[in-house]
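Engineer: Below is the file work_22.pdb, which contains PDB, C-alpha atoms.
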```pdb
ATOM      1  CA  MET A 220       1.995  56.076 -95.601
ATOM      2  CA  PRO A 221       4.729  54.080 -97.410
ATOM      3  CA  ASP A 222       3.693  51.400 -99.865
ATOM      4  CA  GLY A 223       5.131  48.801-102.180
ATOM      5  CA  ALA A 224       4.220  49.835-105.732
ATOM      6  CA  ARG A 225       4.259  48.702-109.328
ATOM      7  CA  ALA A 226       3.238  50.407-112.552
ATOM      8  CA  ARG A 227       1.936  49.258-115.938
ATOM      9  CA  GLU A 228       1.756  51.563-118.947
ATOM     10  CA  ARG A 229      -1.503  51.659-120.912
ATOM     11  CA  ASP A 230      -3.070  53.763-123.661
ATOM     12  CA  GLU A 231      -6.700  54.834-123.868
ATOM     13  CA  GLY A 232      -7.930  56.895-126.808
ATOM     14  CA  GLY A 233      -4.391  57.974-127.618
ATOM     15  CA  GLN A 234      -3.708  59.304-124.111
ATOM     16  CA  PRO A 235      -1.113  57.247-122.197
ATOM     17  CA  TYR A 236      -1.653  56.434-118.548
ATOM     18  CA  LEU A 237      -0.134  54.194-115.898
ATOM     19  CA  ASP A 238      -2.003  51.494-114.011
ATOM     20  CA  ILE A 239      -0.679  51.734-110.462
ATOM     21  CA  GLU A 240      -1.021  48.971-107.896
ATOM     22  CA  ILE A 241       0.064  49.681-104.318
ATOM     23  CA  THR A 242       0.002  47.656-101.128
ATOM     24  CA  ASP A 243       1.168  48.026 -97.557
ATOM     25  CA  GLY A 244       0.726  44.367 -96.700
ATOM     26  CA  THR A 245      -2.804  44.728 -95.316
ATOM     27  CA  ALA A 246      -4.666  45.746 -98.480
ATOM     28  CA  THR A 247      -4.068  46.435-102.175
ATOM     29  CA  GLU A 248      -5.332  49.448-104.133
ATOM     30  CA  LYS A 249      -5.281  50.342-107.820
ATOM     31  CA  PHE A 250      -5.575  53.703-109.574
ATOM     32  CA  LYS A 251      -4.500  55.483-112.765
ATOM     33  CA  ILE A 252      -1.947  58.233-113.358
ATOM     34  CA  TRP A 253      -2.543  60.077-116.637
ATOM     35  CA  GLU A 254       0.260  61.486-118.772
ATOM     36  CA  ASP A 255      -0.675  65.085-117.976
ATOM     37  CA  SER A 256      -0.263  64.467-114.228
ATOM     38  CA  ASP A 257       2.741  66.041-112.481
ATOM     39  CA  ALA A 258       3.446  62.609-110.963
ATOM     40  CA  TYR A 259       3.485  60.735-114.298
ATOM     41  CA  GLU A 260       7.274  60.793-114.797
ATOM     42  CA  SER A 261       7.969  59.790-111.194
ATOM     43  CA  PHE A 262       5.684  56.782-111.455
ATOM     44  CA  HIS A 263       6.917  55.918-114.937
ATOM     45  CA  ASP A 264      10.361  55.182-113.504
ATOM     46  CA  LEU A 265       9.089  52.742-110.859
ATOM     47  CA  GLU A 266       9.648  49.004-111.104
ATOM     48  CA  ASP A 267       7.784  46.109-109.532
ATOM     49  CA  GLY A 268       8.550  45.887-105.830
ATOM     50  CA  ASP A 269       9.820  49.458-105.416
ATOM     51  CA  CYS A 270       9.070  50.905-101.993
ATOM     52  CA  VAL A 271       7.728  54.444-102.035
ATOM     53  CA  ARG A 272       5.924  57.023 -99.983
ATOM     54  CA  LEU A 273       2.793  58.501-101.530
ATOM     55  CA  ASP A 274       1.207  61.780-100.547
ATOM     56  CA  GLY A 275      -1.921  63.280-102.026
ATOM     57  CA  SER A 276      -5.665  63.651-101.718
ATOM     58  CA  PHE A 277      -7.338  60.240-102.006
ATOM     59  CA  TRP A 278     -11.023  59.820-102.805
ATOM     60  CA  ARG A 279     -13.384  57.261-104.328
ATOM     61  CA  ASN A 280     -16.163  57.301-106.886
ATOM     62  CA  GLN A 281     -17.932  54.649-108.970
ATOM     63  CA  TYR A 282     -14.694  54.088-110.933
ATOM     64  CA  GLY A 283     -12.606  53.301-107.857
ATOM     65  CA  LEU A 284      -9.748  55.110-106.116
ATOM     66  CA  ASN A 285      -8.682  58.562-107.364
ATOM     67  CA  VAL A 286      -5.721  60.681-106.280
ATOM     68  CA  ASP A 287      -5.160  64.427-106.608
ATOM     69  CA  ARG A 288      -1.919  66.395-106.058
ATOM     70  CA  MET A 289       0.117  63.190-105.994
ATOM     71  CA  ARG A 290       3.707  63.203-104.734
ATOM     72  CA  VAL A 291       5.959  60.149-104.638
ATOM     73  CA  ARG A 292       9.453  59.364-103.376
ATOM     74  CA  ARG A 293      11.412  56.161-102.896
ATOM     75  CA  LEU A 294      11.924  54.955 -99.340
ATOM     76  CA  GLU A 295      15.255  54.827 -97.599
ATOM     77  CA  LYS A 296      16.554  51.391 -96.575
ATOM     78  CA  GLN A 297      15.422  51.739 -92.937
ATOM     79  CA  GLU A 298      12.007  52.998 -94.011
ATOM     80  CA  ALA A 299      11.596  49.959 -96.283
ATOM     81  CA  ALA A 300      12.540  47.604 -93.442
ATOM     82  CA  GLU A 301       9.872  49.202 -91.250
ATOM     83  CA  LEU A 302       7.336  48.878 -94.059
ATOM     84  CA  PHE A 303       7.873  45.120 -94.364
ATOM     85  CA  ALA A 304       7.725  44.718 -90.588
ATOM     86  CA  GLY A 305       4.268  46.346 -90.571
ATOM     87  CA  THR A 306       2.762  48.975 -88.321
ATOM     88  CA  PRO A 307       3.392  48.630 -84.575
ATOM     89  CA  GLU A 308      -0.213  47.481 -84.163
ATOM     90  CA  ARG A 309       0.101  44.813 -86.848
ATOM     91  CA  ARG A 310       3.466  43.619 -85.533
ATOM     92  CA  ALA A 311       1.928  43.246 -82.080
ATOM     93  CA  ALA A 312      -1.080  41.369 -83.462
ATOM     94  CA  LEU A 313       1.092  38.934 -85.422
ATOM     95  CA  GLU A 314       3.343  38.406 -82.402
ATOM     96  CA  ARG A 315       0.256  37.512 -80.351
ATOM     97  CA  ASP A 316      -0.839  35.106 -83.088
ATOM     98  CA  TRP A 317       2.579  33.436 -83.121
ATOM     99  CA  SER A 318       2.605  33.188 -79.332
ATOM    100  CA  ASP A 319      -0.856  31.588 -79.291
ATOM    101  CA  VAL A 320       0.080  29.072 -81.979
ATOM    102  CA  THR A 321       3.307  28.020 -80.254
ATOM    103  CA  ALA A 322       1.570  27.774 -76.870
ATOM    104  CA  MET A 323      -1.165  25.515 -78.255
ATOM    105  CA  VAL A 324       1.459  23.312 -79.901
ATOM    106  CA  GLU A 325       3.384  23.052 -76.602
ATOM    107  CA  ALA A 326       0.160  21.983 -74.860
ATOM    108  CA  MET A 327      -0.385  18.924 -77.106
ATOM    109  CA  ALA A 328      -0.447  15.665 -75.158
ATOM    110  CA  ASP A 329       0.568  13.372 -78.042
ATOM    111  CA  PRO A 330       4.398  13.654 -78.109
ATOM    112  CA  ARG A 331       4.576  12.680 -81.797
ATOM    113  CA  LEU A 332       2.210  15.382 -82.992
ATOM    114  CA  ARG A 333       3.780  17.901 -80.623
ATOM    115  CA  LEU A 334       7.295  17.224 -81.935
ATOM    116  CA  LEU A 335       6.082  17.249 -85.544
ATOM    117  CA  CYS A 336       4.437  20.664 -85.094
ATOM    118  CA  GLN A 337       7.404  22.087 -83.179
ATOM    119  CA  THR A 338       9.795  20.949 -85.901
ATOM    120  CA  TYR A 339       7.643  22.589 -88.572
ATOM    121  CA  LEU A 340       7.570  25.881 -86.683
ATOM    122  CA  GLN A 341      11.338  25.767 -86.080
ATOM    123  CA  GLU A 342      12.274  24.933 -89.672
ATOM    124  CA  TYR A 343       9.684  26.963 -91.567
ATOM    125  CA  GLY A 344       8.554  29.557 -89.026
ATOM    126  CA  GLU A 345       9.854  32.634 -90.849
ATOM    127  CA  LYS A 346       8.330  31.501 -94.132
ATOM    128  CA  PHE A 347       5.056  30.722 -92.327
ATOM    129  CA  LYS A 348       4.957  34.152 -90.694
ATOM    130  CA  ARG A 349       5.012  36.008 -94.012
ATOM    131  CA  ALA A 350       2.812  33.709 -96.140
ATOM    132  CA  ALA A 351      -0.728  34.614 -97.199
ATOM    133  CA  ALA A 352      -3.715  32.314 -96.734
ATOM    134  CA  ALA A 353      -5.042  32.983-100.259
ATOM    135  CA  ARG A 354      -4.378  35.080-103.351
ATOM    136  CA  ASP A 355      -7.729  36.840-103.463
ATOM    137  CA  TYR A 356     -10.541  35.763-101.179
ATOM    138  CA  HIS A 357      -9.522  35.805 -97.508
ATOM    139  CA  HIS A 358      -6.416  36.741 -95.524
ATOM    140  CA  ALA A 359      -4.793  37.559 -98.873
ATOM    141  CA  ARG A 360      -1.927  39.524 -97.398
ATOM    142  CA  ARG A 361       1.546  39.130 -95.960
ATOM    143  CA  GLY A 362       1.124  37.361 -92.613
ATOM    144  CA  GLY A 363      -2.402  36.296 -93.504
ATOM    145  CA  LEU A 364      -1.761  32.573 -93.076
ATOM    146  CA  LEU A 365      -0.521  33.077 -89.512
ATOM    147  CA  GLU A 366      -3.607  35.212 -88.735
ATOM    148  CA  HIS A 367      -5.932  32.598 -90.210
ATOM    149  CA  THR A 368      -4.206  29.661 -88.496
ATOM    150  CA  ALA A 369      -4.061  31.326 -85.086
ATOM    151  CA  GLN A 370      -7.733  32.287 -85.174
ATOM    152  CA  MET A 371      -8.683  28.747 -86.220
ATOM    153  CA  MET A 372      -6.654  27.285 -83.367
ATOM    154  CA  ARG A 373      -8.300  29.668 -80.906
ATOM    155  CA  ALA A 374     -11.701  28.604 -82.243
ATOM    156  CA  GLY A 375     -10.680  24.976 -81.804
ATOM    157  CA  ALA A 376      -9.627  25.643 -78.211
ATOM    158  CA  ALA A 377     -13.061  27.137 -77.507
ATOM    159  CA  LEU A 378     -14.882  24.186 -79.104
ATOM    160  CA  GLY A 379     -12.789  21.540 -77.362
ATOM    161  CA  PRO A 380     -14.823  21.378 -74.120
ATOM    162  CA  VAL A 381     -18.075  21.244 -76.113
ATOM    163  CA  TYR A 382     -16.970  18.329 -78.326
ATOM    164  CA  SER A 383     -14.723  16.603 -75.829
ATOM    165  CA  GLY A 384     -14.870  13.224 -77.562
ATOM    166  CA  LEU A 385     -12.695  14.358 -80.453
ATOM    167  CA  ASN A 386      -8.939  13.876 -80.672
ATOM    168  CA  TRP A 387      -8.072  17.547 -80.266
ATOM    169  CA  ASP A 388      -4.322  17.009 -80.590
ATOM    170  CA  LEU A 389      -5.040  15.692 -84.086
ATOM    171  CA  VAL A 390      -7.389  18.590 -84.859
ATOM    172  CA  ARG A 391      -4.816  21.158 -83.705
ATOM    173  CA  ALA A 392      -2.120  19.551 -85.824
ATOM    174  CA  GLY A 393      -4.519  19.584 -88.777
ATOM    175  CA  LEU A 394      -5.304  23.253 -88.177
ATOM    176  CA  LEU A 395      -1.598  24.074 -88.190
ATOM    177  CA  PHE A 396      -0.799  22.027 -91.298
ATOM    178  CA  HIS A 397      -3.986  22.352 -93.373
ATOM    179  CA  ASP A 398      -2.601  25.169 -95.548
ATOM    180  CA  CYS A 399       1.131  24.600 -95.040
ATOM    181  CA  GLY A 400       1.555  23.979 -98.777
ATOM    182  CA  LYS A 401       0.791  27.653 -99.342
ATOM    183  CA  LEU A 402       4.285  28.454 -98.109
ATOM    184  CA  TRP A 403       5.305  27.349-101.617
ATOM    185  CA  GLU A 404       2.116  27.992-103.568
ATOM    186  CA  ILE A 405       1.796  31.612-102.321
ATOM    187  CA  ASP A 406       5.383  32.447-101.482
ATOM    188  CA  TYR A 407       6.184  35.913-100.167
ATOM    189  CA  GLN A 408       9.830  36.920-100.284
ATOM    190  CA  PRO A 409      11.525  38.215 -97.099
ATOM    191  CA  GLN A 410      11.172  41.750 -98.464
ATOM    192  CA  GLY A 411       8.139  41.989-100.680
ATOM    193  CA  PHE A 412       4.362  42.199-100.826
ATOM    194  CA  VAL A 413       4.097  40.427-104.178
ATOM    195  CA  SER A 414       3.489  36.691-104.353
ATOM    196  CA  PRO A 415       4.590  35.445-107.785
ATOM    197  CA  MET A 416       3.109  32.317-109.307
ATOM    198  CA  THR A 417       5.261  29.245-108.693
ATOM    199  CA  THR A 418       5.702  26.178-110.859
ATOM    200  CA  ILE A 419       5.281  23.797-107.935
ATOM    201  CA  GLY A 420       2.150  25.629-106.826
ATOM    202  CA  GLU A 421       0.587  25.319-110.273
ATOM    203  CA  LEU A 422       1.662  21.711-110.840
ATOM    204  CA  LEU A 423       0.733  20.314-107.427
ATOM    205  CA  GLY A 424      -1.384  22.798-105.441
ATOM    206  CA  HIS A 425      -1.138  23.446-101.726
ATOM    207  CA  ILE A 426      -2.957  20.283-100.580
ATOM    208  CA  THR A 427      -0.532  17.959-102.373
ATOM    209  CA  ILE A 428       2.460  20.033-101.268
ATOM    210  CA  GLY A 429       1.193  19.964 -97.682
ATOM    211  CA  ILE A 430       0.833  16.185 -97.687
ATOM    212  CA  GLU A 431       4.356  15.835 -99.074
ATOM    213  CA  LEU A 432       5.782  18.204 -96.437
ATOM    214  CA  VAL A 433       4.107  16.448 -93.502
ATOM    215  CA  ASN A 434       5.263  13.058 -94.781
ATOM    216  CA  LYS A 435       8.812  14.370 -95.124
ATOM    217  CA  LEU A 436       8.832  15.827 -91.597
ATOM    218  CA  TRP A 437       7.205  12.719 -90.130
ATOM    219  CA  ARG A 438       9.716  10.340 -91.695
ATOM    220  CA  SER A 439      12.627  12.513 -90.547
ATOM    221  CA  LEU A 440      11.461  12.204 -86.921
ATOM    222  CA  GLU A 441      10.710   8.482 -86.756
ATOM    223  CA  ALA A 442      14.031   7.669 -85.061
ATOM    224  CA  SER A 443      13.346  10.096 -82.211
ATOM    225  CA  PRO A 444      12.306   8.727 -78.782
ATOM    226  CA  GLU A 445       8.862  10.298 -79.089
ATOM    227  CA  PHE A 446       8.174   8.285 -82.246
ATOM    228  CA  SER A 447       9.928   5.020 -81.361
ATOM    229  CA  ALA A 448       8.101   4.447 -78.054
ATOM    230  CA  SER A 449       5.319   1.859 -78.073
ATOM    231  CA  THR A 450       2.263   4.050 -77.537
ATOM    232  CA  GLN A 451      -1.343   4.167 -78.666
ATOM    233  CA  PRO A 452      -2.705   4.895 -81.169
ATOM    234  CA  PRO A 453       0.025   3.467 -83.441
ATOM    235  CA  ARG A 454       2.131   6.125 -85.130
ATOM    236  CA  GLU A 455       1.221   5.048 -88.656
ATOM    237  CA  MET A 456      -2.459   5.458 -87.812
ATOM    238  CA  VAL A 457      -1.756   8.950 -86.469
ATOM    239  CA  ARG A 458       0.111   9.870 -89.661
ATOM    240  CA  GLU A 459      -2.688   8.594 -91.898
ATOM    241  CA  HIS A 460      -5.367  10.492 -89.995
ATOM    242  CA  LEU A 461      -3.351  13.713 -90.077
ATOM    243  CA  LEU A 462      -2.806  13.377 -93.826
ATOM    244  CA  HIS A 463      -6.553  12.822 -94.242
ATOM    245  CA  LEU A 464      -7.262  16.126 -92.480
ATOM    246  CA  ILE A 465      -5.017  17.960 -94.936
ATOM    247  CA  ALA A 466      -6.458  16.130 -97.935
ATOM    248  CA  SER A 467     -10.109  16.705 -96.997
ATOM    249  CA  HIS A 468     -10.132  20.199 -95.485
ATOM    250  CA  HIS A 469     -11.818  21.803 -98.530
ATOM    251  CA  GLY A 470     -14.799  19.605 -97.762
ATOM    252  CA  GLN A 471     -16.038  18.867-101.273
ATOM    253  CA  LYS A 472     -14.325  17.509-104.361
ATOM    254  CA  GLU A 473     -15.663  20.352-106.510
ATOM    255  CA  TYR A 474     -13.738  22.723-104.223
ATOM    256  CA  GLY A 475     -10.476  20.860-104.725
ATOM    257  CA  ALA A 476     -10.573  18.234-101.973
ATOM    258  CA  PRO A 477      -9.031  14.915-103.145
ATOM    259  CA  VAL A 478     -11.332  13.186-100.636
ATOM    260  CA  THR A 479     -14.253  14.354 -98.517
ATOM    261  CA  PRO A 480     -14.009  14.372 -94.694
ATOM    262  CA  ARG A 481     -14.519  10.896 -93.248
ATOM    263  CA  THR A 482     -13.822  11.438 -89.526
ATOM    264  CA  PRO A 483     -15.159  13.780 -86.811
ATOM    265  CA  GLU A 484     -11.785  15.536 -86.670
ATOM    266  CA  ALA A 485     -11.773  16.090 -90.438
ATOM    267  CA  TRP A 486     -15.277  17.573 -90.367
ATOM    268  CA  MET A 487     -14.337  19.813 -87.449
ATOM    269  CA  LEU A 488     -11.273  21.127 -89.294
ATOM    270  CA  HIS A 489     -13.265  21.770 -92.454
ATOM    271  CA  HIS A 490     -15.972  23.753 -90.655
ATOM    272  CA  ILE A 491     -13.565  25.812 -88.531
ATOM    273  CA  ASP A 492     -11.656  26.702 -91.700
ATOM    274  CA  ASN A 493     -14.873  27.623 -93.496
ATOM    275  CA  ILE A 494     -16.174  29.751 -90.619
ATOM    276  CA  ASP A 495     -12.986  31.786 -90.277
ATOM    277  CA  ALA A 496     -12.623  32.292 -94.042
ATOM    278  CA  HIS A 497     -16.234  33.462 -94.472
ATOM    279  CA  LEU A 498     -16.187  35.816 -91.489
ATOM    280  CA  GLU A 499     -12.969  37.361 -92.834
ATOM    281  CA  MET A 500     -14.565  37.791 -96.273
ATOM    282  CA  LEU A 501     -17.540  39.544 -94.682
ATOM    283  CA  ASN A 502     -15.239  41.852 -92.703
ATOM    284  CA  GLN A 503     -13.358  42.690 -95.901
ATOM    285  CA  THR A 504     -16.652  43.387 -97.671
ATOM    286  CA  TYR A 505     -17.725  45.847 -94.967
ATOM    287  CA  ALA A 506     -14.320  47.555 -95.130
ATOM    288  CA  GLU A 507     -13.931  47.721 -98.927
ATOM    289  CA  LYS A 508     -17.340  47.783-100.580
ATOM    290  CA  SER A 509     -19.870  50.599-100.789
ATOM    291  CA  GLN A 510     -23.465  50.311 -99.639
ATOM    292  CA  ILE A 511     -25.846  50.100-102.579
ATOM    293  CA  GLY A 512     -28.859  50.244-100.278
ATOM    294  CA  PRO A 513     -29.428  50.716 -96.542
ATOM    295  CA  GLY A 514     -27.158  48.117 -94.928
ATOM    296  CA  ILE A 515     -26.691  46.251 -98.240
ATOM    297  CA  TYR A 516     -23.158  46.043 -99.623
ATOM    298  CA  ASP A 517     -21.999  45.687-103.201
ATOM    299  CA  TYR A 518     -21.175  42.107-104.184
ATOM    300  CA  ARG A 519     -17.760  40.676-103.373
ATOM    301  CA  ARG A 520     -16.567  37.334-104.685
ATOM    302  CA  PRO A 521     -16.883  34.519-103.713
ATOM    303  CA  LEU A 522     -19.684  35.203-101.222
ATOM    304  CA  GLU A 523     -23.108  33.935-102.164
ATOM    305  CA  GLY A 524     -25.105  37.099-102.684
ATOM    306  CA  ARG A 525     -24.617  40.581-101.312
ATOM    307  CA  ALA A 526     -23.491  41.005 -97.719
ATOM    308  CA  VAL A 527     -25.858  42.725 -95.273
ATOM    309  CA  ALA A 528     -24.717  44.754 -92.283
ATOM    310  CA  PRO A 529     -24.855  42.696 -89.060
ATOM    311  CA  LEU A 530     -27.395  43.393 -86.349
ATOM    312  CA  PRO A 531     -25.795  45.577 -83.634
ATOM    313  CA  LYS A 532     -25.406  44.045 -80.194
ATOM    314  CA  TRP A 533     -28.114  44.821 -77.672
ATOM    315  CA  VAL A 534     -27.414  47.753 -75.357
ATOM    316  CA  GLY A 535     -29.568  48.020 -72.261
TER     317      GLY A 535
END
```
Turn the structure described in the file into structure tokens.
Structural biologist:
Amino acid sequence: MPDGARARERDEGGQPYLDIEITDGTATEKFKIWEDSDAYESFHDLEDGDCVRLDGSFWRNQYGLNVDRMRVRRLEKQEAAELFAGTPERRAALERDWSDVTAMVEAMADPRLRLLCQTYLQEYGEKFKRAAAARDYHHARRGGLLEHTAQMMRAGAALGPVYSGLNWDLVRAGLLFHDCGKLWEIDYQPQGFVSPMTTIGELLGHITIGIELVNKLWRSLEASPEFSASTQPPREMVREHLLHLIASHHGQKEYGAPVTPRTPEAWMLHHIDNIDAHLEMLNQTYAEKSQIGPGIYDYRRPLEGRAVAPLPKWVG
């Protein structure tokens, strides 16, 4: 299948080789091409972000991915466009995620939070659709933030009837905005699978950026009828509580939270986020890691200990 690729030249014991990193937007793989390989010259000419098609025999051992009889060619413009759009299955999945997110925003009863979320999706929707949720640990891929957010909002919808005393409009807005700063901290270009480091991301981090963005959007909407009407709770109280959800969603200060959760809605957001991130990390472990014992998988950061295969569902 086609991939985005980049190459780095290295030397080991006097024999040059290339470190190759490829991705198709759902996963990233690395392997080496040695100087005596027929594909060495073809890969040597590649630059970061080049789109190519790779053919060969792929296999794994204790050293990672290996490739035999490698062939490589650059993609045509239309082929590259299809690569960035994703497979038909992935496009359909992301379209469902987007539809679910927009539908849950439309269903909000609080007109201020509804308009705030709608404005965010209208102004930053394309950037949101291609952002990742993390660099390494979970949903670390193009479109990963939309996947993560949609699944969290679906989880919130399921929990709503169980914990009916919570302000679920506030929780849903917090779910949508909790990682919105990653649109600038982990910025994917319109055509690219690489997320370069950004100055603003390093200087501020996604929580601070997210708070700044929500404040900016909120202030820009205050003259609208939805915001100027005399309704309860007061709009400034709503803004403060929403900002608290963004600030506290990491749960603990040692994990980067400026403050710890202080309200039921903040705790709910934190735990939904944590559940979805950890289940995704387990799924990635099962997909990527080898078993080092019956049902025991090799360690994958940042999980605590080695993952164990889940118990199959009962079949009568």
Engineer: Between atom CA of A:His468 and atom CA of A:Leu364, what is the distance, to one decimal in Å?
Structural biologist: 15.1 Å
Engineer: Name the residues in contact with stretch 381-386 of chain A at a cut-off of 10 Å, using only C-alpha atoms, excluding same-chain residues fewer than 2 positions from it; report them as a PDB file with C-alpha atoms, in the frame of the given file.
Structural biologist:
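This went into part33.pdb:
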```pdb
ATOM      1  CA  ASP A 329       0.568  13.372 -78.042  1.00  0.00           C
ATOM      2  CA  GLY A 375     -10.680  24.976 -81.804  1.00  0.00           C
ATOM      3  CA  ALA A 376      -9.627  25.643 -78.211  1.00  0.00           C
ATOM      4  CA  ALA A 377     -13.061  27.137 -77.507  1.00  0.00           C
ATOM      5  CA  LEU A 378     -14.882  24.186 -79.104  1.00  0.00           C
ATOM      6  CA  GLY A 379     -12.789  21.540 -77.362  1.00  0.00           C
ATOM      7  CA  ASP A 388      -4.322  17.009 -80.590  1.00  0.00           C
ATOM      8  CA  LEU A 389      -5.040  15.692 -84.086  1.00  0.00           C
ATOM      9  CA  VAL A 390      -7.389  18.590 -84.859  1.00  0.00           C
ATOM     10  CA  ARG A 391      -4.816  21.158 -83.705  1.00  0.00           C
ATOM     11  CA  THR A 482     -13.822  11.438 -89.526  1.00  0.00           C
ATOM     12  CA  PRO A 483     -15.159  13.780 -86.811  1.00  0.00           C
ATOM     13  CA  GLU A 484     -11.785  15.536 -86.670  1.00  0.00           C
ATOM     14  CA  MET A 487     -14.337  19.813 -87.449  1.00  0.00           C
TER      15      MET A 487
END
```
Engineer: Within 10 Å of stretch 500-504 of chain A, counting all atoms listed in the file, which residues show up once you throw out same-chain ones fewer than 5 positions away? Write them as JSON, numbers by chain, please.
Structural biologist: {"A": [246, 355, 356, 357, 358, 494, 495, 509, 510, 516, 517, 518, 519, 520, 521, 522, 525, 526, 527, 528, 529]}
Engineer: Between A:Trp486, A:Tyr407, A:Trp317, A:Phe277, which is the closest to A:His469 once you count only C-alpha atoms?
Structural biologist: A:Trp486
Engineer: Identify the residues within 12 Å of coordinate (4.2, 28.9, -98.3) (same frame as the file), considering only C-alpha atoms, and give the answer as a PyMOL selection string.
Structural biologist: chain A and resi 343-354+361-365+396-409+414-417+419-420+424-426+428-429+432
Engineer: Based on the selection just made, write C-alpha atoms of those residues as a short mmCIF file (atom, residue, chain, number, x, y, z; two decimals), in the frame of the given file.
Structural biologist:
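Printed below is result-v6.cif as written:
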```
data_model
loop_
_atom_site.label_atom_id
_atom_site.label_comp_id
_atom_site.auth_asym_id
_atom_site.auth_seq_id
_atom_site.Cartn_x
_atom_site.Cartn_y
_atom_site.Cartn_z
CA TYR A 343 9.68 26.96 -91.57
CA GLY A 344 8.55 29.56 -89.03
CA GLU A 345 9.85 32.63 -90.85
CA LYS A 346 8.33 31.50 -94.13
CA PHE A 347 5.06 30.72 -92.33
CA LYS A 348 4.96 34.15 -90.69
CA ARG A 349 5.01 36.01 -94.01
CA ALA A 350 2.81 33.71 -96.14
CA ALA A 351 -0.73 34.61 -97.20
CA ALA A 352 -3.72 32.31 -96.73
CA ALA A 353 -5.04 32.98 -100.26
CA ARG A 354 -4.38 35.08 -103.35
CA ARG A 361 1.55 39.13 -95.96
CA GLY A 362 1.12 37.36 -92.61
CA GLY A 363 -2.40 36.30 -93.50
CA LEU A 364 -1.76 32.57 -93.08
CA LEU A 365 -0.52 33.08 -89.51
CA PHE A 396 -0.80 22.03 -91.30
CA HIS A 397 -3.99 22.35 -93.37
CA ASP A 398 -2.60 25.17 -95.55
CA CYS A 399 1.13 24.60 -95.04
CA GLY A 400 1.56 23.98 -98.78
CA LYS A 401 0.79 27.65 -99.34
CA LEU A 402 4.28 28.45 -98.11
CA TRP A 403 5.30 27.35 -101.62
CA GLU A 404 2.12 27.99 -103.57
CA ILE A 405 1.80 31.61 -102.32
CA ASP A 406 5.38 32.45 -101.48
CA TYR A 407 6.18 35.91 -100.17
CA GLN A 408 9.83 36.92 -100.28
CA PRO A 409 11.52 38.22 -97.10
CA SER A 414 3.49 36.69 -104.35
CA PRO A 415 4.59 35.44 -107.78
CA MET A 416 3.11 32.32 -109.31
CA THR A 417 5.26 29.24 -108.69
CA ILE A 419 5.28 23.80 -107.94
CA GLY A 420 2.15 25.63 -106.83
CA GLY A 424 -1.38 22.80 -105.44
CA HIS A 425 -1.14 23.45 -101.73
CA ILE A 426 -2.96 20.28 -100.58
CA ILE A 428 2.46 20.03 -101.27
CA GLY A 429 1.19 19.96 -97.68
CA LEU A 432 5.78 18.20 -96.44
#
```
Engineer: Apply the PyMOL selection byres ((chain A and resi 266-275) around 10) to the displayed file and report the matching residues as number ranges by chain.
Structural biologist: A: 220-227, 240-243, 262-265, 276-278, 285-296, 298-300, 302-303, 410-413
Engineer: Got time to write the residues from that selection, C-alpha atoms, as a short mmCIF file (atom, residue, chain, number, x, y, z; two decimals), keeping the file's coordinate frame?
Structural biologist:
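Final file, again16.cif:
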```
data_model
loop_
_atom_site.label_atom_id
_atom_site.label_comp_id
_atom_site.auth_asym_id
_atom_site.auth_seq_id
_atom_site.Cartn_x
_atom_site.Cartn_y
_atom_site.Cartn_z
CA MET A 220 2.00 56.08 -95.60
CA PRO A 221 4.73 54.08 -97.41
CA ASP A 222 3.69 51.40 -99.86
CA GLY A 223 5.13 48.80 -102.18
CA ALA A 224 4.22 49.84 -105.73
CA ARG A 225 4.26 48.70 -109.33
CA ALA A 226 3.24 50.41 -112.55
CA ARG A 227 1.94 49.26 -115.94
CA GLU A 240 -1.02 48.97 -107.90
CA ILE A 241 0.06 49.68 -104.32
CA THR A 242 0.00 47.66 -101.13
CA ASP A 243 1.17 48.03 -97.56
CA PHE A 262 5.68 56.78 -111.46
CA HIS A 263 6.92 55.92 -114.94
CA ASP A 264 10.36 55.18 -113.50
CA LEU A 265 9.09 52.74 -110.86
CA SER A 276 -5.66 63.65 -101.72
CA PHE A 277 -7.34 60.24 -102.01
CA TRP A 278 -11.02 59.82 -102.80
CA ASN A 285 -8.68 58.56 -107.36
CA VAL A 286 -5.72 60.68 -106.28
CA ASP A 287 -5.16 64.43 -106.61
CA ARG A 288 -1.92 66.40 -106.06
CA MET A 289 0.12 63.19 -105.99
CA ARG A 290 3.71 63.20 -104.73
CA VAL A 291 5.96 60.15 -104.64
CA ARG A 292 9.45 59.36 -103.38
CA ARG A 293 11.41 56.16 -102.90
CA LEU A 294 11.92 54.96 -99.34
CA GLU A 295 15.26 54.83 -97.60
CA LYS A 296 16.55 51.39 -96.58
CA GLU A 298 12.01 53.00 -94.01
CA ALA A 299 11.60 49.96 -96.28
CA ALA A 300 12.54 47.60 -93.44
CA LEU A 302 7.34 48.88 -94.06
CA PHE A 303 7.87 45.12 -94.36
CA GLN A 410 11.17 41.75 -98.46
CA GLY A 411 8.14 41.99 -100.68
CA PHE A 412 4.36 42.20 -100.83
CA VAL A 413 4.10 40.43 -104.18
#
```
Engineer: Write out as number ranges by chain each polymer residue whose atoms come within 12 Å of A:Leu332, counting all atoms listed in the file; drop sequence neighbours fewer than 2 positions from it.
Structural biologist: A: 323-330, 334-339, 386-393, 395-396, 433, 436-437, 440-441, 445-446, 452, 454-458, 460-461
Engineer: What is the distance, in Å and to one decimal place, between atom CA of A:Lys251 and atom CA of A:Leu237?
Structural biologist: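 These atoms are spaced 5.5 Å apart.
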Engineer: Could you jot down the atom CA of A:Ala369 to atom CA of A:Asp319 separation for me, Å, one decimal place?
Structural biologist: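 According to the coordinates, atom CA of A:Ala369 and atom CA of A:Asp319 are separated by 6.6 Å.
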Engineer: Run the PyMOL selection byres ((chain A and resi 253-256) around 8) against the file shown and list the residues it catches, as a list of chain:residue names.
Structural biologist: A:Gln234, A:Pro235, A:Tyr236, A:Leu237, A:Lys251, A:Ile252, A:Asp257, A:Ala258, A:Tyr259
